[in-house]
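Trainee: You'll find query03.cif just under this line, and it carries mmCIF, C-alpha atoms.
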data_start
loop_
_atom_site.label_atom_id
_atom_site.label_comp_id
_atom_site.auth_asym_id
_atom_site.auth_seq_id
_atom_site.Cartn_x
_atom_site.Cartn_y
_atom_site.Cartn_z
CA MET A 2 6.83 57.88 37.46
CA LYS A 3 10.02 56.21 36.28
CA ILE A 4 10.66 56.74 32.55
CA SER A 5 12.17 53.82 30.66
CA ALA A 6 15.12 54.18 28.33
CA PRO A 7 14.11 54.62 24.66
CA ARG A 8 15.29 51.12 23.71
CA ASN A 9 13.76 49.43 26.76
CA ARG A 10 11.27 46.87 25.41
CA THR A 11 10.38 45.23 28.73
CA ILE A 12 6.77 44.06 28.83
CA THR A 13 4.94 45.77 31.68
CA ILE A 14 1.31 45.74 32.70
CA SER A 15 -0.98 48.54 33.89
CA GLN A 16 -3.83 48.41 36.39
CA SER A 17 -6.37 48.73 33.58
CA GLU A 18 -4.74 45.78 31.80
CA ILE A 19 -4.84 43.77 35.03
CA ARG A 20 -8.58 44.40 35.24
CA LYS A 21 -8.95 43.35 31.60
CA PHE A 22 -6.85 40.19 31.76
CA SER A 23 -8.14 39.09 35.17
CA LYS A 24 -11.42 38.16 33.48
CA ARG A 25 -9.62 35.47 31.46
CA LEU A 26 -8.08 33.69 34.46
CA LEU A 27 -9.44 30.45 35.91
CA LYS A 28 -9.86 29.22 39.47
CA LEU A 29 -10.72 25.56 39.85
CA ASN A 30 -13.24 24.29 42.42
CA LYS A 31 -14.47 21.12 40.72
CA LYS A 32 -13.24 18.41 38.38
CA VAL A 33 -12.60 19.74 34.88
CA SER A 34 -12.11 18.24 31.43
CA VAL A 35 -9.13 18.69 29.15
CA GLU A 36 -11.19 21.05 27.01
CA ASP A 37 -11.97 23.20 30.06
CA VAL A 38 -8.31 23.94 30.74
CA ALA A 39 -6.79 23.90 27.25
CA ASP A 40 -4.85 27.13 26.58
CA LYS A 41 -5.76 28.55 29.99
CA ILE A 42 -3.98 30.26 32.87
CA VAL A 43 -5.06 29.20 36.35
CA ASN A 44 -4.53 31.82 39.07
CA GLN A 45 -4.43 29.60 42.13
CA ASP A 46 -2.23 27.81 44.61
CA LEU A 47 -1.03 24.60 42.95
CA PHE A 48 -2.20 22.45 45.86
CA GLU A 49 -5.73 23.91 45.61
CA ALA A 50 -5.97 23.31 41.85
CA ILE A 51 -4.15 20.07 41.06
CA ASP A 52 -6.74 17.59 42.36
CA PHE A 53 -9.33 19.04 39.97
CA LEU A 54 -7.24 18.40 36.85
CA PRO A 55 -8.03 15.47 34.51
CA ASP A 56 -6.04 12.25 34.33
CA ASN A 57 -3.49 11.41 31.63
CA PHE A 58 -3.66 14.61 29.59
CA VAL A 59 -0.08 15.95 29.74
CA ASP A 60 2.44 15.20 26.99
CA LEU A 61 5.18 17.48 28.30
CA LEU A 62 5.58 18.57 31.91
CA PHE A 63 7.85 21.58 32.36
CA ILE A 64 8.60 22.55 35.95
CA ASP A 65 10.49 25.66 37.00
CA PRO A 66 9.86 25.70 40.77
CA PRO A 67 11.27 28.23 43.22
CA TYR A 68 14.90 27.30 43.75
CA ASN A 69 16.00 26.71 47.33
CA LEU A 70 16.89 30.37 47.80
CA GLU A 71 15.45 33.34 49.64
CA LYS A 72 13.43 35.08 46.90
CA LYS A 73 10.52 37.50 46.65
CA PHE A 74 7.97 37.15 43.85
CA LYS A 75 5.55 40.09 44.11
CA SER A 76 3.00 38.85 46.67
CA ASN A 77 4.93 35.68 47.50
CA HIS A 78 8.11 35.11 49.44
CA PHE A 79 9.99 31.81 49.12
CA ARG A 80 12.26 31.04 52.05
CA GLU A 81 15.33 28.82 51.92
CA MET A 82 15.00 25.40 53.58
CA ASN A 83 17.44 22.73 54.61
CA SER A 84 17.97 20.04 51.97
CA ASP A 85 15.67 17.46 53.56
CA ASN A 86 12.79 19.92 53.84
CA TYR A 87 13.25 21.10 50.25
CA ALA A 88 13.18 17.48 49.06
CA GLU A 89 10.02 16.85 51.09
CA TRP A 90 8.40 20.00 49.67
CA MET A 91 9.30 18.98 46.12
CA ASP A 92 7.96 15.46 46.64
CA SER A 93 4.68 16.85 48.01
CA TRP A 94 3.71 18.33 44.62
CA LEU A 95 5.64 16.12 42.19
CA SER A 96 3.91 12.99 43.50
CA LYS A 97 0.53 14.57 42.70
CA MET A 98 1.45 15.06 39.04
CA ILE A 99 1.99 11.41 38.14
CA ARG A 100 -1.67 10.77 37.36
CA LEU A 101 -1.77 13.77 34.97
CA LEU A 102 0.86 12.30 32.64
CA LYS A 103 0.48 10.16 29.55
CA PRO A 104 2.59 6.95 29.39
CA ASP A 105 5.01 8.53 26.88
CA SER A 106 5.31 11.87 28.67
CA SER A 107 8.57 13.75 29.16
CA ILE A 108 9.38 15.79 32.26
CA TYR A 109 11.86 18.64 32.58
CA ILE A 110 12.69 20.13 35.99
CA CYS A 111 14.82 23.27 36.39
CA CYS A 112 17.17 23.90 39.29
CA ASP A 113 20.47 25.45 40.32
CA TYR A 114 23.59 23.63 41.52
CA ARG A 115 22.47 23.74 45.16
CA SER A 116 19.30 21.77 44.53
CA SER A 117 20.35 19.70 41.50
CA SER A 118 21.10 16.55 43.47
CA ILE A 119 17.76 16.87 45.27
CA VAL A 120 15.86 17.15 41.98
CA GLU A 121 17.64 14.06 40.67
CA LYS A 122 16.91 12.08 43.82
CA VAL A 123 13.23 12.98 44.08
CA GLY A 124 12.68 12.69 40.32
CA GLN A 125 14.12 9.17 40.27
CA LYS A 126 11.40 8.03 42.67
CA TYR A 127 8.83 8.42 39.90
CA PHE A 128 10.62 8.71 36.55
CA LYS A 129 13.53 7.45 34.49
CA VAL A 130 16.49 9.83 34.27
CA ARG A 131 17.42 10.58 30.66
CA ASN A 132 19.91 13.41 31.03
CA ARG A 133 21.04 16.46 32.92
CA ILE A 134 21.17 19.60 30.78
CA VAL A 135 23.48 22.42 31.82
CA TRP A 136 22.75 25.79 30.28
CA GLU A 137 24.87 28.91 30.44
CA ARG A 138 22.98 31.67 32.21
CA GLU A 139 25.40 34.46 31.35
CA LYS A 140 24.29 37.32 33.57
CA GLY A 141 25.66 39.31 36.47
CA ARG A 142 28.98 40.89 37.35
CA GLY A 143 30.68 38.01 39.14
CA ALA A 144 31.79 37.15 42.66
CA SER A 145 34.72 38.59 44.60
CA LYS A 146 35.69 35.38 46.47
CA ASN A 147 34.22 32.61 44.34
CA TRP A 148 33.77 31.46 40.77
CA LYS A 149 31.00 33.32 39.02
CA ASN A 150 27.88 31.16 39.03
CA ASN A 151 26.49 31.33 35.50
CA THR A 152 24.92 27.92 34.88
CA GLU A 153 21.66 26.22 35.74
CA ASP A 154 20.58 22.60 35.41
CA ILE A 155 17.53 21.03 33.82
CA TRP A 156 16.85 17.36 34.58
CA PHE A 157 15.22 15.42 31.75
CA PHE A 158 13.02 12.50 32.84
CA THR A 159 10.53 10.21 31.12
CA ILE A 160 7.77 7.96 32.38
CA GLY A 161 9.09 4.93 30.49
CA ASN A 162 11.22 3.88 27.58
CA GLU A 163 8.73 5.01 24.94
CA TYR A 164 8.89 8.79 24.58
CA LYS A 165 9.17 11.50 21.96
CA PHE A 166 12.46 13.08 20.98
CA ASN A 167 12.39 15.05 17.73
CA LEU A 168 16.09 15.27 16.95
CA ASN A 169 15.73 17.03 13.61
CA SER A 170 13.68 19.80 15.20
CA VAL A 171 16.40 20.91 17.60
CA LYS A 172 19.63 20.97 15.63
CA LEU A 173 21.98 23.90 16.11
CA MET A 174 23.61 25.91 13.32
CA LYS A 175 27.22 26.56 14.32
CA ARG A 176 30.13 28.24 12.64
CA VAL A 177 32.80 25.80 11.45
CA LEU A 178 36.29 26.86 12.46
CA ALA A 179 38.19 23.90 10.99
CA PRO A 180 36.14 22.63 8.03
CA TYR A 181 36.83 19.14 6.73
CA ARG A 182 36.67 18.43 3.01
CA GLU A 183 36.26 15.16 1.15
CA ASN A 184 37.38 15.09 -2.48
CA GLY A 185 37.70 18.85 -2.26
CA LYS A 186 34.06 19.35 -1.25
CA PRO A 187 32.61 20.37 2.13
CA LYS A 188 31.66 17.33 4.22
CA ASP A 189 28.51 17.94 6.26
CA TRP A 190 28.92 21.71 6.30
CA LEU A 191 27.80 24.67 4.27
CA SER A 192 30.17 27.12 2.60
CA THR A 193 28.72 30.62 2.20
CA SER A 194 29.94 34.15 1.63
CA GLU A 195 29.21 34.76 5.31
CA GLY A 196 31.40 31.88 6.48
CA ASN A 197 31.22 28.13 7.01
CA PHE A 198 28.35 26.56 8.96
CA ARG A 199 27.22 23.14 10.11
CA LEU A 200 23.95 21.80 11.49
CA THR A 201 25.00 19.90 14.60
CA HIS A 202 23.25 17.49 16.92
CA PRO A 203 22.19 19.10 20.20
CA SER A 204 24.23 18.25 23.28
CA ASN A 205 23.33 18.57 26.95
CA ILE A 206 25.45 21.72 27.30
CA TRP A 207 23.64 24.80 26.01
CA THR A 208 25.84 27.86 25.53
CA ASP A 209 23.70 29.66 22.94
CA ILE A 210 20.90 30.86 25.26
CA THR A 211 20.56 34.58 25.96
CA VAL A 212 18.88 35.52 29.25
CA PRO A 213 16.16 38.12 28.54
CA PHE A 214 17.25 41.69 29.20
CA TRP A 215 15.71 45.14 28.86
CA SER A 216 16.15 45.62 25.10
CA MET A 217 14.65 42.23 24.15
CA PRO A 218 10.93 42.17 23.29
CA GLU A 219 10.34 39.04 25.39
CA ASN A 220 11.73 40.61 28.58
CA THR A 221 9.45 41.06 31.59
CA GLU A 222 9.82 42.27 35.15
CA HIS A 223 9.77 38.71 36.53
CA PRO A 224 13.03 38.03 38.45
CA THR A 225 13.57 34.46 37.22
CA GLN A 226 12.17 34.53 33.68
CA LYS A 227 13.26 31.68 31.41
CA PRO A 228 14.22 32.53 27.79
CA GLU A 229 11.83 31.66 24.97
CA LYS A 230 14.67 29.97 23.08
CA LEU A 231 15.25 27.58 25.97
CA LEU A 232 11.58 26.57 26.09
CA ALA A 233 11.42 26.28 22.31
CA ARG A 234 14.21 23.70 22.37
CA ILE A 235 12.47 21.63 25.04
CA ILE A 236 9.01 21.88 23.50
CA LEU A 237 10.19 21.05 19.98
CA ALA A 238 12.28 18.12 21.19
CA SER A 239 9.70 16.47 23.42
CA SER A 240 6.28 17.24 21.94
CA ASP A 241 4.44 17.38 18.64
CA GLU A 242 1.96 19.95 17.35
CA ASN A 243 -1.31 19.92 19.34
CA ASP A 244 0.35 18.10 22.24
CA PHE A 245 -0.34 19.39 25.75
CA VAL A 246 2.31 21.30 27.73
CA PHE A 247 1.69 21.72 31.46
CA ASP A 248 3.59 24.19 33.67
CA PRO A 249 2.59 24.19 37.37
CA PHE A 250 4.89 27.11 38.37
CA ALA A 251 4.29 29.44 35.44
CA GLY A 252 6.02 32.61 36.64
CA SER A 253 6.22 34.93 33.63
CA GLY A 254 4.57 32.31 31.40
CA THR A 255 7.33 31.57 28.91
CA SER A 256 6.25 27.94 28.51
CA ALA A 257 2.68 28.96 27.59
CA VAL A 258 3.85 31.69 25.21
CA VAL A 259 6.25 29.39 23.36
CA ALA A 260 3.73 26.55 23.30
CA LYS A 261 1.28 28.90 21.63
CA LYS A 262 3.87 30.09 19.10
CA LEU A 263 4.74 26.48 18.23
CA GLY A 264 1.19 25.16 17.91
CA ARG A 265 0.89 23.25 21.18
CA LYS A 266 -1.89 23.32 23.75
CA PHE A 267 -0.94 24.55 27.21
CA LEU A 268 -2.05 24.91 30.79
CA SER A 269 -0.17 27.04 33.29
CA ILE A 270 -0.75 27.55 37.00
CA GLU A 271 0.56 30.63 38.79
CA ILE A 272 -0.36 31.81 42.28
CA ASP A 273 0.35 35.52 41.73
CA LYS A 274 -2.43 37.43 39.94
CA HIS A 275 -0.07 40.13 38.63
CA TYR A 276 2.09 37.57 36.83
CA CYS A 277 -0.98 35.71 35.53
CA CYS A 278 -2.16 38.91 33.86
CA LEU A 279 1.34 39.46 32.50
CA ILE A 280 1.17 35.98 30.94
CA GLU A 281 -2.18 36.82 29.34
CA LYS A 282 -0.66 39.97 27.87
CA ARG A 283 2.29 37.99 26.48
CA LEU A 284 -0.14 35.47 24.96
CA GLU A 285 -2.03 38.28 23.29
CA LEU A 286 1.23 39.67 21.89
CA ALA A 287 2.14 36.19 20.62
CA GLU A 288 -0.90 36.25 18.36
CA MET A 289 0.74 39.08 16.41
CA ASP A 290 4.38 38.00 16.64
CA LYS A 291 5.38 34.33 16.65
CA THR A 292 9.12 34.91 16.31
CA ILE A 293 11.49 33.36 18.85
CA GLN A 294 14.86 35.02 19.34
CA GLY A 295 17.64 32.70 18.18
CA TYR A 296 15.32 30.32 16.31
CA SER A 297 14.49 30.84 12.63
CA ASP A 298 14.08 28.72 9.49
CA ASN A 299 13.40 25.75 11.81
CA VAL A 300 16.95 25.96 13.13
CA PHE A 301 18.53 27.10 16.39
CA TRP A 302 21.40 29.54 15.91
CA GLU A 303 24.42 30.45 17.96
CA ARG A 304 24.28 33.55 20.11
CA ASN A 305 25.00 36.86 18.31
CA SER A 306 24.36 35.45 14.84
CA LEU A 307 21.34 37.52 13.74
CA ASN A 308 23.08 38.85 10.62
CA PHE A 309 23.85 35.30 9.50
CA GLN A 310 20.26 34.19 10.13
CA LYS A 311 19.01 36.86 7.73
CA LYS A 312 21.38 35.88 4.93
CA ILE A 313 21.76 32.09 5.15
CA LYS A 314 19.13 29.49 4.35
CA PRO A 315 20.18 26.21 5.97
CA ASN A 316 19.40 23.81 3.13
CA LEU A 317 21.55 20.97 4.39
#
Could you express the structure from this file as structure tokens?
Mentor:
Amino acid sequence: MKISAPRNRTITISQSEIRKFSKRLLKLNKKVSVEDVADKIVNQDLFEAIDFLPDNFVDLLFIDPPYNLEKKFKSNHFREMNSDNYAEWMDSWLSKMIRLLKPDSSIYICCDYRSSSIVEKVGQKYFKVRNRIVWEREKGRGASKNWKNNTEDIWFFTIGNEYKFNLNSVKLMKRVLAPYRENGKPKDWLSTSEGNFRLTHPSNIWTDITVPFWSMPENTEHPTQKPEKLLARIILASSDENDFVFDPFAGSGTSAVVAKKLGRKFLSIEIDKHYCCLIEKRLELAEMDKTIQGYSDNVFWERNSLNFQKKIKPNL
């Protein structure tokens, strides 16, 4: 048996835990109510489950589908398609989700640069485009004959013009390199013994996200796990407490875990039983630890600023 390094905090799951957590999973075979699926993980093919879900219950739809790449996910193998076929595949499930959404719902769809234009095109058939977020996915050693690919896109859509966006919940604390003073006093920034800081409005370029790795307590074995900090920003911006977050391609379950930590209801669908049980384990761990790396005192912090987070209270 492979022995992990002493500082390896990757969440793994044993066969006995799979037997334990399997009992909590749902499979849908009839119409269900919102109460039936609140805070649940459905272990099922999306196309088998989606017609049984209730109407108009989703406040925030977060979608992290398989990108148009050759990729293995435990028992499943996603194969690359041509652009037209990928667009058709995406439309086949996105069109089924319209009836699940409330009139003021927000929708976020993840993708890479290869499929970004497809996501925009298909999304525009049903929703209003609000923005394209680009986040820095700093991982990997680089390419020998190309620019290193270290960004991903997230398209932000809404149903209509009335939607939630909680600006004050997603501000970023950044170090001020050239502080401006007015009458000798700091203007919109905080002077501390640890340096100068400012709460800034969030932009659509996110460079403060750390991809989970082996020494982080949120890390799992899933090959395309999204960071908790990334989901926290989306959930805080586009939902309120007790709102409903729906994730139809749950993977390692980050959306459900963060929704739980932030007091939202959730429903996640994942076809692979192993990953469903891993999500259930993460949800159990979240009952004991609600911290989110990079987010504290109701503020998002720059990468590598843990020491500052412990010493500075952002009373701006």
Trainee: Excluding stretch 119-125 of chain A and its own-chain neighbours fewer than 5 positions away, which residues fall within 7 Å of it when counting all atoms listed in the file? Please give them as a ChimeraX atom specification.
Mentor: /A:88,92,130,156
Trainee: Evaluate the PyMOL selection byres ((chain A and resi 52) around 12) here and jot the selected residues down as a ChimeraX atom specification.
Mentor: /A:29-33,46-51,53-56,94,96-101
Trainee: Dump as JSON lines the rows for residues of stretch 138-185 of chain A within 9 Å of stretch 228-241 of chain A: closest atom pair and distance in Å with one decimal, all atoms listed in the file counted, ordered by chain and rising residue number.
Mentor:
{"residue": "A:Tyr164", "atom": "CA", "partner": "A:Ser239", "partner_atom": "CA", "distance": 7.8}
{"residue": "A:Lys165", "atom": "CA", "partner": "A:Ser239", "partner_atom": "CA", "distance": 5.2}
{"residue": "A:Phe166", "atom": "CA", "partner": "A:Ser239", "partner_atom": "CA", "distance": 5.0}
{"residue": "A:Asn167", "atom": "CA", "partner": "A:Ala238", "partner_atom": "CA", "distance": 4.6}
{"residue": "A:Leu168", "atom": "CA", "partner": "A:Ala238", "partner_atom": "CA", "distance": 6.4}
{"residue": "A:Asn169", "atom": "CA", "partner": "A:Ala238", "partner_atom": "CA", "distance": 8.4}
{"residue": "A:Ser170", "atom": "CA", "partner": "A:Leu237", "partner_atom": "CA", "distance": 6.0}
{"residue": "A:Val171", "atom": "CA", "partner": "A:Arg234", "partner_atom": "CA", "distance": 5.9}
Trainee: Restricting it to C-alpha atoms, dump the selection as a tab-separated table (two decimals), keeping the file's coordinate frame.
Mentor:
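Just written: again_16.tsv:
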chain	number	residue	atom	x	y	z
A	164	TYR	CA	8.89	8.79	24.58
A	165	LYS	CA	9.17	11.50	21.96
A	166	PHE	CA	12.46	13.08	20.98
A	167	ASN	CA	12.39	15.05	17.73
A	168	LEU	CA	16.09	15.27	16.95
A	169	ASN	CA	15.73	17.03	13.61
A	170	SER	CA	13.68	19.80	15.20
A	171	VAL	CA	16.40	20.91	17.60
Trainee: From the options A:Thr225, A:Ile108, A:Ser269, A:Lys186, which residue's atoms come nearest to A:Leu70, counting only C-alpha atoms?
Mentor: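 Looking only at the distances to A:Leu70, the closest residue turns out to be A:Thr225.
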Trainee: Would you mind telling me which residue in A:Arg304, A:Met174, A:Val258, A:Tyr276 lies nearest to A:Lys291 when using all atoms listed in the file?
Mentor: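 Between A:Arg304, A:Met174, A:Val258, A:Tyr276, the residue approaching A:Lys291 most closely is A:Val258.
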Trainee: Can you translate the PyMOL selection byres ((chain A and resi 275) around 9) into the concrete residues it hits in this file, as a PDB file with C-alpha atoms, in the coordinates of the input?
Mentor:
ATOM      1  CA  ILE A  14       1.310  45.740  32.700  1.00  0.00           C
ATOM      2  CA  ILE A  19      -4.840  43.770  35.030  1.00  0.00           C
ATOM      3  CA  SER A  23      -8.140  39.090  35.170  1.00  0.00           C
ATOM      4  CA  LYS A  75       5.550  40.090  44.110  1.00  0.00           C
ATOM      5  CA  SER A  76       3.000  38.850  46.670  1.00  0.00           C
ATOM      6  CA  ASP A 273       0.350  35.520  41.730  1.00  0.00           C
ATOM      7  CA  LYS A 274      -2.430  37.430  39.940  1.00  0.00           C
ATOM      8  CA  TYR A 276       2.090  37.570  36.830  1.00  0.00           C
ATOM      9  CA  CYS A 277      -0.980  35.710  35.530  1.00  0.00           C
ATOM     10  CA  CYS A 278      -2.160  38.910  33.860  1.00  0.00           C
ATOM     11  CA  LEU A 279       1.340  39.460  32.500  1.00  0.00           C
ATOM     12  CA  ILE A 280       1.170  35.980  30.940  1.00  0.00           C
TER      13      ILE A 280
END
Trainee: Just how far from atom CA of A:Phe250 is atom CA of A:Ser106, in Å to one decimal?
Mentor: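 Here the two named atoms are 18.1 Å from each other.
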Trainee: Please provide as a VMD selection string all residues within 10 Å of stretch 141-150 of chain A, with the sequence filter that same-chain residues fewer than 3 positions apart are discarded (counting only C-alpha atoms).
Mentor: chain A and resid 113 to 114 137 to 138 153
Trainee: Nearest to A:Arg115 among A:Asn69, A:Trp215, A:Met91, A:Val135, with distances taken over only C-alpha atoms: which residue is it?
Mentor: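 Ranking A:Asn69, A:Trp215, A:Met91, A:Val135 by distance to A:Arg115, first place goes to A:Asn69.
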Trainee: Name the residues that the PyMOL selection byres ((chain A and resi 110) around 7) picks from the file above, as number ranges by chain, using the file's chain letters and numbers.
Mentor: A: 63-65, 108-109, 111-112, 155-157
Trainee: From the list A:Leu268, A:Asn162, A:Asp60, A:Val35, which residue is nearest A:Lys129 when using all atoms listed in the file?
Mentor: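 Of all the options, A:Asn162 lies closest to A:Lys129.
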Trainee: Neighbours of A:Asn299 within 9 Å (all atoms listed in the file; same-chain residues fewer than 2 positions away dropped), as a CSV table (one decimal) with C-alpha atoms, in the coordinates of the input?
Mentor:
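Contents of the output file result-v3.csv:
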chain,number,residue,atom,x,y,z
A,170,SER,CA,13.7,19.8,15.2
A,171,VAL,CA,16.4,20.9,17.6
A,172,LYS,CA,19.6,21.0,15.6
A,296,TYR,CA,15.3,30.3,16.3
A,297,SER,CA,14.5,30.8,12.6
A,301,PHE,CA,18.5,27.1,16.4
A,315,PRO,CA,20.2,26.2,6.0
Trainee: Rank A:Ile160, A:Thr193, A:Lys140, A:Tyr127 by their smallest atom-to-atom distance to A:Arg176, using only C-alpha atoms, and report the top residue only.
Mentor: A:Thr193
Trainee: Counting all atoms listed in the file, figure out which residue out of A:Thr292, A:Glu219, A:Lys175, A:Gly254 gets nearest to A:Asn305.
Mentor: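 With all atoms listed in the file as the atom set, the closest residue is A:Lys175.
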Trainee: Please list as a list of chain:residue names every residue within 10 Å of A:Asn197, counting all atoms listed in the file and excluding residues in the same chain fewer than 4 positions away.
Mentor: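 In the requested format, the answer is A:Lys175, A:Arg176, A:Val177, A:Leu178, A:Ala179, A:Pro180, A:Pro187, A:Trp190, A:Leu191, A:Ser192, A:Thr193.
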Trainee: If I take atom CA of A:Lys266 and atom CA of A:Lys227, how far is one from the other in Å, to one decimal?
Mentor: 18.9 Å
Trainee: Using only C-alpha atoms, determine which residues lie at most 9 Å from A:Lys262, disregarding the query and same-chain residues fewer than 3 positions distant; provide the list as a list in words.
Mentor: Ala257, Val258, Val259, Arg265, Leu284, Ala287, Glu288, Asp290, Lys291, Thr292 and Ile293 of chain A
Trainee: What does the distance from atom CA of A:Phe128 to atom CA of A:Thr159 come to in Å, to one decimal?
Mentor: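 Answer for the atom CA of A:Phe128 to atom CA of A:Thr159 separation: 5.6 Å.
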Trainee: Provide stretch 65-78 of chain A rebuilt to N, CA and C atoms, formatted as a PDB file, keeping the file's coordinate frame.
Mentor:
ATOM      1  N   ASP A  65       9.479  24.684  36.593  1.00  0.00           N
ATOM      2  CA  ASP A  65      10.490  25.660  37.000  1.00  0.00           C
ATOM      3  C   ASP A  65      10.106  26.166  38.385  1.00  0.00           C
ATOM      4  N   PRO A  66      10.327  25.346  39.418  1.00  0.00           N
ATOM      5  CA  PRO A  66       9.860  25.700  40.770  1.00  0.00           C
ATOM      6  C   PRO A  66      10.778  26.747  41.400  1.00  0.00           C
ATOM      7  N   PRO A  67      10.340  27.372  42.476  1.00  0.00           N
ATOM      8  CA  PRO A  67      11.270  28.230  43.220  1.00  0.00           C
ATOM      9  C   PRO A  67      12.508  27.427  43.618  1.00  0.00           C
ATOM     10  N   TYR A  68      13.674  27.953  43.308  1.00  0.00           N
ATOM     11  CA  TYR A  68      14.900  27.300  43.750  1.00  0.00           C
ATOM     12  C   TYR A  68      15.023  27.464  45.260  1.00  0.00           C
ATOM     13  N   ASN A  69      15.879  26.668  45.872  1.00  0.00           N
ATOM     14  CA  ASN A  69      16.000  26.710  47.330  1.00  0.00           C
ATOM     15  C   ASN A  69      16.825  27.919  47.763  1.00  0.00           C
ATOM     16  N   LEU A  70      16.249  29.092  47.502  1.00  0.00           N
ATOM     17  CA  LEU A  70      16.890  30.370  47.800  1.00  0.00           C
ATOM     18  C   LEU A  70      15.863  31.318  48.400  1.00  0.00           C
ATOM     19  N   GLU A  71      16.324  32.276  49.146  1.00  0.00           N
ATOM     20  CA  GLU A  71      15.450  33.340  49.640  1.00  0.00           C
ATOM     21  C   GLU A  71      15.103  34.244  48.454  1.00  0.00           C
ATOM     22  N   LYS A  72      13.809  34.318  48.087  1.00  0.00           N
ATOM     23  CA  LYS A  72      13.430  35.080  46.900  1.00  0.00           C
ATOM     24  C   LYS A  72      12.022  35.625  47.045  1.00  0.00           C
ATOM     25  N   LYS A  73      11.844  36.890  46.641  1.00  0.00           N
ATOM     26  CA  LYS A  73      10.520  37.500  46.650  1.00  0.00           C
ATOM     27  C   LYS A  73       9.956  37.538  45.243  1.00  0.00           C
ATOM     28  N   PHE A  74       8.685  37.121  45.116  1.00  0.00           N
ATOM     29  CA  PHE A  74       7.970  37.150  43.850  1.00  0.00           C
ATOM     30  C   PHE A  74       6.676  37.930  44.059  1.00  0.00           C
ATOM     31  N   LYS A  75       6.730  39.256  43.905  1.00  0.00           N
ATOM     32  CA  LYS A  75       5.550  40.090  44.110  1.00  0.00           C
ATOM     33  C   LYS A  75       4.909  39.772  45.460  1.00  0.00           C
ATOM     34  N   SER A  76       3.738  39.101  45.424  1.00  0.00           N
ATOM     35  CA  SER A  76       3.000  38.850  46.670  1.00  0.00           C
ATOM     36  C   SER A  76       3.501  37.631  47.427  1.00  0.00           C
ATOM     37  N   ASN A  77       4.457  36.907  46.866  1.00  0.00           N
ATOM     38  CA  ASN A  77       4.930  35.680  47.500  1.00  0.00           C
ATOM     39  C   ASN A  77       6.398  35.775  47.864  1.00  0.00           C
ATOM     40  N   HIS A  78       6.742  35.098  48.946  1.00  0.00           N
ATOM     41  CA  HIS A  78       8.110  35.110  49.440  1.00  0.00           C
ATOM     42  C   HIS A  78       8.535  33.674  49.712  1.00  0.00           C
TER      43      HIS A  78
END
